[in-house]
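Heads up, the thing below is written out as structure tokens.
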Amino acid sequence: MFGFISLISAWAIPAMVVFIPLFAAYRKVPVYESFVEGAKDGFDTAIKIIPHLVGMMVAISVFRASGAMDLILGFIKPLFDTLGVPSEVLPLAFLRPITGAGSLAFTTDLIAQFGPDSLIGRIAATVQGSTDTTLYVITVYFGAIGIRRTSYALKVGLISDLVGFIASIIVCLLVFSS
């Protein structure tokens, strides 16, 4: 079964790269012109989201440089220690909704330091896969199409990230803790 799934994985993208233009040509869709038009729209979208990305990067830098993250972590760390949860994974709860690259770098550091089979490594990897970059998604995608009222999406996204973080810890403690 593993071999079959590996075979499908290896050929899925090349098959789509061949199938989509052939199917479009069969349907008489001007493939190249459609591609160029989409690329032009993508470039316009990229130009529109630059101010939003700059604003988000400045906010992240201010949050970290001001010491606010360290202050919040200092308050929560004793609770984690009391519950038997490794507090090393706590910064992921703050980094993951803000930045995918930053949280991935932090997860990579945790795995390099503690090992992929450690409880910390497993929790970090599970958090990475169970949460999303909510603030980034709202900033980029909502900014690109001009949505200004994001309060409900922000609340739901951050609550989902919190639930994913807590569930990751609980599941990993139940499954992997000795």
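Labels used: A, B, ... for chains in the order of the structure tokens, numbers from 1 for residues in each chain, and numbers from 1 for ligands as shown.
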**Study point:** Residues of region 75-164 of chain A in helix (DSSP H, G or I), written as a PyMOL selection string
**Key:** chain A and resi 75-83+87-98+100-114+119-130+134-145+151-164
Practice item. Compile the contact shell of Leu73 (chain A) as a PyMOL selection string: residues with an atom at most 12 Å away, counting only C-alpha atoms, same-chain residues fewer than 3 positions apart removed. Key: chain A and resi 64+67-70+76-81+87-95
Exercise for review: Counting only C-alpha atoms, figure out which residue out of A:Lys28, A:Arg96, A:Arg122, A:His52 gets nearest to Leu158 (chain A).
Suggested key: A:Arg96
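From CA of Leu173 (chain A) back to CA of Val85 (chain A), the distance works out to 8.0 Å.
Taking only C-alpha atoms, the non-local environment of Ile49 (chain A) within 7 Å (same-chain residues fewer than 3 positions away omitted) comprises Thr45, Ala46, His52, Leu53, Val140, Gly143 and Ala144 of chain A.
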Practice item. For region 114-117 of chain A, please output as a PyMOL selection string all residues within 12 Å (counting only C-alpha atoms; exclusion window: fewer than 5 positions along the same chain). Key: chain A and resi 86+88-89+107-109+122-126+172+176-177
Output file for the selection above: all heavy atoms, as an mmCIF file, in the first residue's frame:
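Generated output (again32.cif):
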```cif
data_model
loop_
_atom_site.group_PDB
_atom_site.id
_atom_site.type_symbol
_atom_site.label_atom_id
_atom_site.label_comp_id
_atom_site.auth_asym_id
_atom_site.auth_seq_id
_atom_site.Cartn_x
_atom_site.Cartn_y
_atom_site.Cartn_z
ATOM 1 N N PRO A 86 5.699 20.878 28.655
ATOM 2 C CA PRO A 86 6.987 21.542 28.415
ATOM 3 C C PRO A 86 6.779 22.993 27.970
ATOM 4 O O PRO A 86 6.159 23.252 26.938
ATOM 5 C CB PRO A 86 7.644 20.720 27.307
ATOM 6 C CG PRO A 86 6.742 19.586 27.012
ATOM 7 C CD PRO A 86 5.481 19.757 27.758
ATOM 8 N N GLU A 88 8.779 24.972 26.752
ATOM 9 C CA GLU A 88 9.564 25.335 25.571
ATOM 10 C C GLU A 88 8.689 25.526 24.339
ATOM 11 O O GLU A 88 9.073 26.230 23.405
ATOM 12 C CB GLU A 88 10.627 24.260 25.275
ATOM 13 C CG GLU A 88 11.747 24.194 26.281
ATOM 14 C CD GLU A 88 11.407 23.328 27.493
ATOM 15 O OE1 GLU A 88 10.274 22.814 27.575
ATOM 16 O OE2 GLU A 88 12.279 23.178 28.359
ATOM 17 N N VAL A 89 7.519 24.887 24.302
ATOM 18 C CA VAL A 89 6.627 25.004 23.142
ATOM 19 C C VAL A 89 5.707 26.218 23.230
ATOM 20 O O VAL A 89 5.029 26.544 22.254
ATOM 21 C CB VAL A 89 5.784 23.723 22.937
ATOM 22 C CG1 VAL A 89 6.679 22.534 22.671
ATOM 23 C CG2 VAL A 89 4.851 23.474 24.090
ATOM 24 N N THR A 107 10.194 25.904 15.448
ATOM 25 C CA THR A 107 9.957 24.461 15.521
ATOM 26 C C THR A 107 11.204 23.686 15.116
ATOM 27 O O THR A 107 11.574 22.702 15.768
ATOM 28 C CB THR A 107 8.768 24.065 14.620
ATOM 29 O OG1 THR A 107 7.599 24.737 15.081
ATOM 30 C CG2 THR A 107 8.520 22.578 14.631
ATOM 31 N N THR A 108 11.859 24.135 14.073
ATOM 32 C CA THR A 108 13.100 23.489 13.622
ATOM 33 C C THR A 108 14.163 23.544 14.712
ATOM 34 O O THR A 108 14.867 22.557 14.945
ATOM 35 C CB THR A 108 13.603 24.162 12.329
ATOM 36 O OG1 THR A 108 12.577 24.074 11.341
ATOM 37 C CG2 THR A 108 14.863 23.501 11.811
ATOM 38 N N ASP A 109 14.274 24.685 15.384
ATOM 39 C CA ASP A 109 15.239 24.815 16.481
ATOM 40 C C ASP A 109 14.901 23.866 17.633
ATOM 41 O O ASP A 109 15.797 23.234 18.207
ATOM 42 C CB ASP A 109 15.288 26.248 17.004
ATOM 43 C CG ASP A 109 15.944 27.204 16.024
ATOM 44 O OD1 ASP A 109 16.628 26.733 15.079
ATOM 45 O OD2 ASP A 109 15.772 28.429 16.198
ATOM 46 N N ARG A 122 7.633 16.512 19.261
ATOM 47 C CA ARG A 122 6.334 16.027 18.764
ATOM 48 C C ARG A 122 5.236 17.057 18.968
ATOM 49 O O ARG A 122 4.376 17.248 18.102
ATOM 50 C CB ARG A 122 5.985 14.713 19.443
ATOM 51 C CG ARG A 122 6.851 13.573 18.938
ATOM 52 C CD ARG A 122 6.586 12.296 19.664
ATOM 53 N NE ARG A 122 7.273 11.202 18.984
ATOM 54 C CZ ARG A 122 7.491 10.033 19.523
ATOM 55 N NH1 ARG A 122 7.075 9.775 20.760
ATOM 56 N NH2 ARG A 122 8.111 9.082 18.847
ATOM 57 N N ILE A 123 5.234 17.716 20.120
ATOM 58 C CA ILE A 123 4.238 18.763 20.349
ATOM 59 C C ILE A 123 4.440 19.901 19.358
ATOM 60 O O ILE A 123 3.483 20.393 18.756
ATOM 61 C CB ILE A 123 4.287 19.278 21.805
ATOM 62 C CG1 ILE A 123 3.780 18.214 22.776
ATOM 63 C CG2 ILE A 123 3.460 20.559 21.955
ATOM 64 C CD1 ILE A 123 3.938 18.580 24.249
ATOM 65 N N ALA A 124 5.688 20.322 19.173
ATOM 66 C CA ALA A 124 5.970 21.428 18.250
ATOM 67 C C ALA A 124 5.521 21.080 16.832
ATOM 68 O O ALA A 124 4.903 21.905 16.148
ATOM 69 C CB ALA A 124 7.456 21.769 18.277
ATOM 70 N N ALA A 125 5.817 19.873 16.388
ATOM 71 C CA ALA A 125 5.422 19.465 15.038
ATOM 72 C C ALA A 125 3.897 19.382 14.914
ATOM 73 O O ALA A 125 3.329 19.771 13.882
ATOM 74 C CB ALA A 125 6.056 18.122 14.691
ATOM 75 N N THR A 126 3.239 18.903 15.946
ATOM 76 C CA THR A 126 1.780 18.793 15.914
ATOM 77 C C THR A 126 1.132 20.170 15.935
ATOM 78 O O THR A 126 0.154 20.414 15.217
ATOM 79 C CB THR A 126 1.278 17.930 17.091
ATOM 80 O OG1 THR A 126 1.975 16.685 17.078
ATOM 81 C CG2 THR A 126 -0.201 17.671 16.996
ATOM 82 N N CYS A 172 -0.682 14.930 22.291
ATOM 83 C CA CYS A 172 0.708 14.465 22.422
ATOM 84 C C CYS A 172 1.014 13.970 23.828
ATOM 85 O O CYS A 172 1.741 12.983 23.992
ATOM 86 C CB CYS A 172 1.676 15.595 22.040
ATOM 87 S SG CYS A 172 1.740 15.871 20.257
ATOM 88 N N PHE A 176 2.103 10.261 23.685
ATOM 89 C CA PHE A 176 3.553 10.092 23.732
ATOM 90 C C PHE A 176 4.185 10.180 25.117
ATOM 91 O O PHE A 176 5.352 9.918 25.282
ATOM 92 C CB PHE A 176 4.233 11.130 22.830
ATOM 93 C CG PHE A 176 3.834 11.006 21.396
ATOM 94 C CD1 PHE A 176 3.135 12.032 20.769
ATOM 95 C CD2 PHE A 176 4.129 9.865 20.666
ATOM 96 C CE1 PHE A 176 2.770 11.928 19.445
ATOM 97 C CE2 PHE A 176 3.764 9.745 19.339
ATOM 98 C CZ PHE A 176 3.082 10.797 18.732
ATOM 99 N N SER A 177 3.457 10.633 26.105
ATOM 100 C CA SER A 177 4.097 10.800 27.405
ATOM 101 C C SER A 177 4.185 9.471 28.144
ATOM 102 O O SER A 177 3.324 8.624 28.017
ATOM 103 C CB SER A 177 3.385 11.889 28.115
ATOM 104 O OG SER A 177 2.840 11.822 29.195
#
```
Review point. Quick one: residues within 6 Å of region 128-139 of chain A, only C-alpha atoms counted, chain neighbours fewer than 5 positions away excluded, as a list in words?
Key: His52, Arg96, Pro97, Ile98, Thr99, Gly100, Gly157, Asp161 and Gly164 of chain A
